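J.: One structure is given below, represented as structure tokens, and several questions about it will come after.
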Amino acid sequence: MLRSCRHALTKTSRSYGRLASCLVTCLLSVSLSVTAMAADHAAVEPFRLQLEAPIKTWDEAIPLGNGLTGGLLWGSENTVNLSLDRGDLWDERLPELYLEDNWNYDTIRQLKAAGNQAEISRLFDHPYNHVPYPTKLPGGRLVLRLAESQRAQSFELEMRQAVGRVALSTGRLECFFSAVQPVAMIRHWGPPLTYEFLRPGGLDKLGYQPAEFGAADGLTWMVQEAALGLRYAVVVAGKRSGDQTQLAVAITSNRTDQDPLAAGKQRVREALDAGFETLLQSHRRWWDDFWSISSATIPDPRLQRHYNLVKYFYGAASRPDAPPIPLQGVWTRDDGDLPPWKGDFHHDLNTQMTYLAYHTAGLTEAGLSFINYNWDLLPSYRKFAQDFYGVEGAAMPGVATLAGKPTAGWSQYALSPTNALWVGQSFHLHWRYTRDQKFLATRAYPWLSEVATGIVNLCQERDGSLYLPLSSSPEIHNNSLRAWLEPNSNYDLSLMHWTFEALAEMADELGQAADATHWREIRGKLGDLLVDDQNVLLFAKGEPFDVSHRHHSHTMAIHPLATLTVEGSDRDRGIIDATLDRMNEKGTLAWTGYSFSWFSCLAARAGRADEALRYLVDYERAFILRNGFHVNGDQIGAGLSHFRYRPFTLEGNFLAMEAVHDMLLQSWGGRVRVFPAVSGQWANASFADLRAEGGFRVSAERQAGRTVRVAITATVAGPLRLKNPFGEGKFQASLPCDTADGEIRCALEAGQTVTFCRIDER
């Protein structure tokens with residue numbers, strides 16, 4: 001059977017290959033602009049990012065990292081910089097206002113009722129903007145000065161090996177952050193170089209004492225005393241052999257080592273003793289394993305490279321035993337200032353969207369960083385529910401420090417209690433994709449139950465329905481009094497709908513019938529989503545969607561929650577189409593970068609394939625810097641957005657990766673969908689071992705606009721429901737299957753694979 005499948009694929013590819021050749025010949029003769037575009041695409045290598053020198057700013061640098069520590073490789077002429085970072089470097093001090101007895105939810109409620117937004121801003125927003133802490137801290141800069149005869153010509157990231165390279169006029173330089181050892185290694189060919197540390201200038205805003213610098217026995221170091229007893233060190237050791245210089249760099253902290261300087265010295269000595277090449281071999285093995293987990297192949301070279309780059313970000317910036325990715329990951333600002341938005345954990349979109357794409361990519365280890373972090377903070381979230389909201393259960397600050405403390409900001413969103421429910425989706429999806437029953441019983445269900453309990457205790461019941469005391473929709477009406485919407489906004493309502501349905505599902509799975517009944521009863525006390533007379537989702541009652549806006553918070557039910565889907569009722573489909581049509585009508589001028597990649601996901605979930613691709617292309621061409629970092633403003637002046645600024649945050653990158661997933665594979669609602677939103681422009685595409693809900697590994701191939709092969713492996717025993725990807729075409733299956741209602745259905749044992757192949761009907 002498999003032989004006949006391969007035969008059919010070969011015949012199909014040959015016949016369509018001849019047609020494709022004719023079309024290419026015609027197209028090449030039509031337009032020089034098409035030729036230029038094709039040449040530009042041909043120059044794009046899928047796993048290589050090459051940037052011409054000079055790189056004059058840190059945010060255009062080559063990003064390197066190993067989860068806990070990170071570096072940015074950049075420079076010009078004969079100076080190469082390595083900006084250093086470590087995920088647990090945080091100033092956790094809170095402004096004095098935050099420690100006052102009236103700094104709580106009741107105060108916000110009272111001031112909102114009095115219409116006193118100015119006082120709300122003084123208490124909750126002013127400190128965020130005018131007190132420099134709490135904040136993520138930069139680690140420092142290692143400056144390498146080369147011989148006058150050596151000039152940087154280009155910088156390169158080899159994604160598969162996670163190695164940064166600098167091509168010099170004579171010689172070269174390489175750098176990697178070991179995936180298995182807590183050190184970074186540098187190798188340089190050419191005349192001897194010199195190096196020094198630069199203390200981050202932004203630390204001066206925090207009132208710290210000067211750093212301690214030292215050198216002895218071939219080692220150089222910087223030690224910085226920070227707030228609340230934090231002490232960290234950057235240590236470098238070097239050795240010279242022939243025309244080669246090797247350096248080992250360690251960034252250590254007393255959060256993990258009692259004496260960070262001593263620990264750093266030991267690590268760099270051991271690394272130099274082992275040598276660059278030895279450490280590189282183990283580093284490459286780790287990354288080989290990482291890249292072997294899954295793959296996606298699409299015919300747009302720029303989007304392909306960006307997808308691979310974002311996948312690389314997961315490997316470079318997220319590990320189970322390291323802090324999760326905040327706004328800028330392990331690549332904190334290095335221009336003499338502190339990071340934008342304090343480099344914190346924004347839970348009103350950023351963290352949730354950053355950790356959305358790992359599920360389908362199968363990058364479970366990377367995703368566990370976010371899961372473990374929030375699980376470990378559960379005791380703090382219980383205390384915050386009591387101290388700030390005055391309820392039992394758990395609640396988390398919507399914008400937070402590494403320790404889970406509130407950084408505050410615009411209180412309508414930074415202190416919105418439903419943000420925690422969105423974080424809970426990560427726990428639920430982790431279970432849905434892995435079908436890990438132990439994780440369900442000991443992590444996912446307990447965590448979401450406690451957060452949901454906090455929400456229930458906060459709600460007020462009127463006429464048999466539950467309402468939050470305050471409501472909002474990020475970031476509608478910004479920080480004005482108008483931003484307090486009539487409860488419940490569609491943002492809050494969507495999250496509560498999803499939460500109680502998910503909890504009932506999980507309780508059923510665990511055999512906890514009473515719990516399942518309890519959660520369904522609560523769900524029954526929530527109203528329907530709010531729409532206008534044209535079936536367009538509102539922000540809230542009396543708040544129509546009538547303006548372009550960057551945060552698609554009113555569409556949460558469509559994506560990422562999938563409680564409102566195109567496979568629902570006719571009314572559901574009508575609401576989705578009307579809402580997306582209205583968003584198109586109002587335009588993108590008030591959007592930022594992530595808005596485009598998010599809308600691409602929305603369009604893909606709605607089956608609007610060409611639209612999904614168009615918005616993803618707009619995102620990639622206008623809202624990333626040349627090193628791939630997502631920035632919020634339109635960088636090419638394409639007229640796509642009024643925002644032209646360039647603060648770098650990562651969520652837009654990860655949403656772009658998820659948009660590709662949503663085009664290639666969707667699995668919400670218990671059904672697997674292969675190529676559900678692939679544009680006709682992507683006639684050929686494939687993927688290998690992407691993950692689907694239900695614990696499935698899925699591989700598929702599309703040729704000449706048709707699905708030709710699908711292979712699905714069950715990691716746990718269970719039923720498979722596959723939306724028939726062959727349409728009216730005939731197919732062969734390697735196992736007995738049934739077809740009904742447009743689905744292919746079969747029961748699989750753990751480890752069992754079923755393969756489906758289109759039959760060539762000619």
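The way I read the labels, and the way they are meant: chains A, B, ... in the order of the structure tokens, residue 1 as the first residue of every chain, and ligand 1 as the first ligand shown, with later ones counted on from there.
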Based on the backbone DSSP call, show me all residues of segment 293-541 of chain A assigned strand (DSSP E or B), as a list in words.
T.: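 Strand (DSSP E or B) assignments inside segment 293-541 of chain A correspond to Ser295, Ala296, Thr297, Phe345, His346, Val399, Ala400, Pro406, Gln460, Glu461, Arg462, Ser465, Leu466, Tyr467, Ser471, Leu485, Val531, Leu537 and Ala540 of chain A.
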J.: Any chance you could export the current selection's N, CA and C atoms as a PDB file, in the first residue's frame?
T.:
ATOM      1  N   SER A 295       9.094  19.924  11.811  1.00  0.00           N
ATOM      2  CA  SER A 295       9.494  20.871  10.770  1.00  0.00           C
ATOM      3  C   SER A 295       8.279  21.276   9.960  1.00  0.00           C
ATOM      4  N   ALA A 296       8.386  22.458   9.357  1.00  0.00           N
ATOM      5  CA  ALA A 296       7.358  22.939   8.428  1.00  0.00           C
ATOM      6  C   ALA A 296       8.069  23.523   7.224  1.00  0.00           C
ATOM      7  N   THR A 297       7.587  23.186   6.025  1.00  0.00           N
ATOM      8  CA  THR A 297       8.205  23.650   4.786  1.00  0.00           C
ATOM      9  C   THR A 297       7.153  24.374   3.957  1.00  0.00           C
ATOM     10  N   PHE A 345       6.686  40.931  32.453  1.00  0.00           N
ATOM     11  CA  PHE A 345       5.790  39.873  31.986  1.00  0.00           C
ATOM     12  C   PHE A 345       4.390  40.461  31.841  1.00  0.00           C
ATOM     13  N   HIS A 346       4.031  40.785  30.607  1.00  0.00           N
ATOM     14  CA  HIS A 346       2.704  41.311  30.302  1.00  0.00           C
ATOM     15  C   HIS A 346       1.764  40.131  30.052  1.00  0.00           C
ATOM     16  N   VAL A 399       0.385  42.436  34.867  1.00  0.00           N
ATOM     17  CA  VAL A 399       1.736  42.819  34.456  1.00  0.00           C
ATOM     18  C   VAL A 399       2.609  42.617  35.679  1.00  0.00           C
ATOM     19  N   ALA A 400       3.694  41.853  35.537  1.00  0.00           N
ATOM     20  CA  ALA A 400       4.367  41.359  36.731  1.00  0.00           C
ATOM     21  C   ALA A 400       5.877  41.293  36.565  1.00  0.00           C
ATOM     22  N   PRO A 406       3.318  42.754  41.323  1.00  0.00           N
ATOM     23  CA  PRO A 406       2.680  43.641  40.347  1.00  0.00           C
ATOM     24  C   PRO A 406       3.579  44.814  39.977  1.00  0.00           C
ATOM     25  N   GLN A 460     -20.267  39.172  41.035  1.00  0.00           N
ATOM     26  CA  GLN A 460     -21.530  39.475  41.711  1.00  0.00           C
ATOM     27  C   GLN A 460     -22.661  38.839  40.907  1.00  0.00           C
ATOM     28  N   GLU A 461     -23.655  38.293  41.608  1.00  0.00           N
ATOM     29  CA  GLU A 461     -24.774  37.653  40.923  1.00  0.00           C
ATOM     30  C   GLU A 461     -25.980  38.575  40.936  1.00  0.00           C
ATOM     31  N   ARG A 462     -26.520  38.846  39.760  1.00  0.00           N
ATOM     32  CA  ARG A 462     -27.713  39.670  39.615  1.00  0.00           C
ATOM     33  C   ARG A 462     -28.666  38.993  38.651  1.00  0.00           C
ATOM     34  N   SER A 465     -27.428  35.907  36.914  1.00  0.00           N
ATOM     35  CA  SER A 465     -26.243  35.985  36.062  1.00  0.00           C
ATOM     36  C   SER A 465     -25.064  36.528  36.855  1.00  0.00           C
ATOM     37  N   LEU A 466     -23.861  36.140  36.437  1.00  0.00           N
ATOM     38  CA  LEU A 466     -22.639  36.574  37.108  1.00  0.00           C
ATOM     39  C   LEU A 466     -21.998  37.732  36.353  1.00  0.00           C
ATOM     40  N   TYR A 467     -21.543  38.713  37.118  1.00  0.00           N
ATOM     41  CA  TYR A 467     -20.880  39.878  36.541  1.00  0.00           C
ATOM     42  C   TYR A 467     -19.654  40.221  37.375  1.00  0.00           C
ATOM     43  N   SER A 471     -14.907  45.903  34.424  1.00  0.00           N
ATOM     44  CA  SER A 471     -14.587  45.193  33.191  1.00  0.00           C
ATOM     45  C   SER A 471     -13.827  46.125  32.263  1.00  0.00           C
ATOM     46  N   LEU A 485     -15.389  49.464  31.055  1.00  0.00           N
ATOM     47  CA  LEU A 485     -16.553  49.086  30.270  1.00  0.00           C
ATOM     48  C   LEU A 485     -17.608  48.441  31.162  1.00  0.00           C
ATOM     49  N   VAL A 531     -23.069  41.250  20.378  1.00  0.00           N
ATOM     50  CA  VAL A 531     -22.892  41.647  18.988  1.00  0.00           C
ATOM     51  C   VAL A 531     -23.798  42.829  18.680  1.00  0.00           C
ATOM     52  N   LEU A 537     -18.934  41.459  16.636  1.00  0.00           N
ATOM     53  CA  LEU A 537     -18.623  41.418  18.063  1.00  0.00           C
ATOM     54  C   LEU A 537     -18.334  42.820  18.590  1.00  0.00           C
ATOM     55  N   ALA A 540     -18.011  45.726  24.365  1.00  0.00           N
ATOM     56  CA  ALA A 540     -18.871  45.521  25.533  1.00  0.00           C
ATOM     57  C   ALA A 540     -20.223  46.151  25.210  1.00  0.00           C
TER      58      ALA A 540
END
J.: Excluding segment 543-550 of chain A and any residue of its chain fewer than 5 positions from it, enumerate the residues within 9 Å of it, using only C-alpha atoms, and give them as an NGL selection string.
T.: :A and (475-476 or 485-486 or 531-532 or 536-538 or 579 or 582-596)
J.: Here is a test: counting only C-alpha atoms, which residue of A:Gly652, A:Pro676, A:Gly424, A:Gly65 is nearest to Val566 of chain A?
T.: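 Using only C-alpha atoms, Val566 of chain A sits closest to A:Pro676.
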J.: So what do you get for atom CA of Gly171 of chain A versus atom CA of Pro191 of chain A, distance-wise?
T.: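 Interatomic distance here is 8.9 Å.
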J.: Report, in Å with one decimal, the straight-line distance from atom CA of Gly527 of chain A to atom CA of Arg671 of chain A.
T.: 26.9 Å
J.: Which one of A:Lys438, A:Arg255, A:His554, A:Arg605 sits closest to Arg573 of chain A if you count only C-alpha atoms?
T.: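 Smallest separation from Arg573 of chain A among the options: A:Arg605.
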J.: Of the candidates A:Gly694, A:Gly367, A:Gly164, A:Pro46, which shows the shortest atom-to-atom distance to Val80 of chain A, using only C-alpha atoms?
T.: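 Using only C-alpha atoms, Val80 of chain A sits closest to A:Gly164.
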J.: Atom CA of Ser76 of chain A and atom CA of Arg145 of chain A, how far apart in Å?
T.: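 Atom-to-atom, atom CA of Arg145 of chain A to atom CA of Ser76 of chain A, that is 10.2 Å.
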J.: Identify, on the basis of only C-alpha atoms, every residue whose closest approach to Ala162 of chain A does not exceed 8 Å; exclude the query and any residue fewer than 4 positions from it along the same chain; express the result as a PyMOL selection string.
T.: chain A and resi 64+157-158+176-177+284+287+312+316
J.: With distances taken over only C-alpha atoms, which of A:Leu625, A:Ala747, A:Leu97, A:Val234 is nearest to Trp58 of chain A?
T.: A:Leu625
J.: Which of segment 545-723 of chain A end up as alpha helix (DSSP H) when DSSP is run on this backbone - answer as a ChimeraX atom specification?
T.: /A:570-586,593-605,609-622,651-664
J.: Compile the contact shell of segment 125-142 of chain A as a PyMOL selection string: residues with an atom at most 8 Å away, counting only C-alpha atoms, same-chain residues fewer than 5 positions apart removed.
T.: chain A and resi 81-86+89-95+97+120+195-200+202-203+205-206+234+251+332-334+338-339+342-344+401+407-411
J.: Show me, as a list of chain:residue names, the residues that have an atom within 12 Å of Gln209 of chain A when counting only C-alpha atoms, minus same-chain residues fewer than 5 positions from it.
T.: A:Arg199, A:Gly201, A:Leu203, A:Asp204, A:Val223, A:Gln224, A:Glu225, A:Ala226, A:Ala227, A:Arg231
J.: Got a sec: who's within 10 Å of Gly639 of chain A, counting only C-alpha atoms, leaving out chain neighbours fewer than 3 positions off, as a list in words?
T.: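 Using only C-alpha atoms, the neighbours found are Thr588, Leu589, Ala622, Asp634, Gln635, Ile636, His642, Phe643 and Arg644 of chain A.
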J.: Write a file of the just-selected residues containing N, CA and C atoms, as a PDB file, in the first residue's frame.
T.:
ATOM      1  N   THR A 588      -5.939  49.246   9.293  1.00  0.00           N
ATOM      2  CA  THR A 588      -4.830  48.835  10.159  1.00  0.00           C
ATOM      3  C   THR A 588      -4.009  49.998  10.695  1.00  0.00           C
ATOM      4  N   LEU A 589      -4.426  51.232  10.473  1.00  0.00           N
ATOM      5  CA  LEU A 589      -3.581  52.363  10.827  1.00  0.00           C
ATOM      6  C   LEU A 589      -3.301  52.452  12.318  1.00  0.00           C
ATOM      7  N   ALA A 622       7.168  44.529   7.152  1.00  0.00           N
ATOM      8  CA  ALA A 622       7.140  45.892   7.694  1.00  0.00           C
ATOM      9  C   ALA A 622       7.401  45.995   9.187  1.00  0.00           C
ATOM     10  N   ASP A 634       5.715  50.395  11.982  1.00  0.00           N
ATOM     11  CA  ASP A 634       5.966  50.154  10.559  1.00  0.00           C
ATOM     12  C   ASP A 634       7.362  50.679  10.226  1.00  0.00           C
ATOM     13  N   GLN A 635       8.286  49.780   9.929  1.00  0.00           N
ATOM     14  CA  GLN A 635       9.687  50.162   9.737  1.00  0.00           C
ATOM     15  C   GLN A 635      10.027  50.550   8.304  1.00  0.00           C
ATOM     16  N   ILE A 636       9.115  50.336   7.380  1.00  0.00           N
ATOM     17  CA  ILE A 636       9.441  50.624   5.980  1.00  0.00           C
ATOM     18  C   ILE A 636       8.568  51.737   5.401  1.00  0.00           C
ATOM     19  N   HIS A 642       0.056  53.916  11.683  1.00  0.00           N
ATOM     20  CA  HIS A 642       0.544  55.223  12.112  1.00  0.00           C
ATOM     21  C   HIS A 642       1.748  55.089  13.038  1.00  0.00           C
ATOM     22  N   PHE A 643       1.897  53.914  13.660  1.00  0.00           N
ATOM     23  CA  PHE A 643       3.025  53.707  14.566  1.00  0.00           C
ATOM     24  C   PHE A 643       4.294  53.509  13.752  1.00  0.00           C
ATOM     25  N   ARG A 644       5.312  54.296  14.034  1.00  0.00           N
ATOM     26  CA  ARG A 644       6.576  54.182  13.329  1.00  0.00           C
ATOM     27  C   ARG A 644       7.734  53.899  14.295  1.00  0.00           C
TER      28      ARG A 644
END
J.: My list of candidates is A:Leu280, A:Ala147, A:Met663, A:Val423. Which is closest to Thr194 of chain A when distances are computed with only C-alpha atoms?
T.: A:Ala147
J.: Here is a test: counting only C-alpha atoms, which residue of A:Ala452, A:Val716, A:Ala385, A:Ile293 is nearest to Ala688 of chain A?
T.: A:Ile293
J.: Please identify all polymer residues within 7 Å of Thr434 of chain A, counting only C-alpha atoms, omitting same-chain residues fewer than 2 positions from it, and present them as a PyMOL selection string.
T.: chain A and resi 430-432+436+694-695
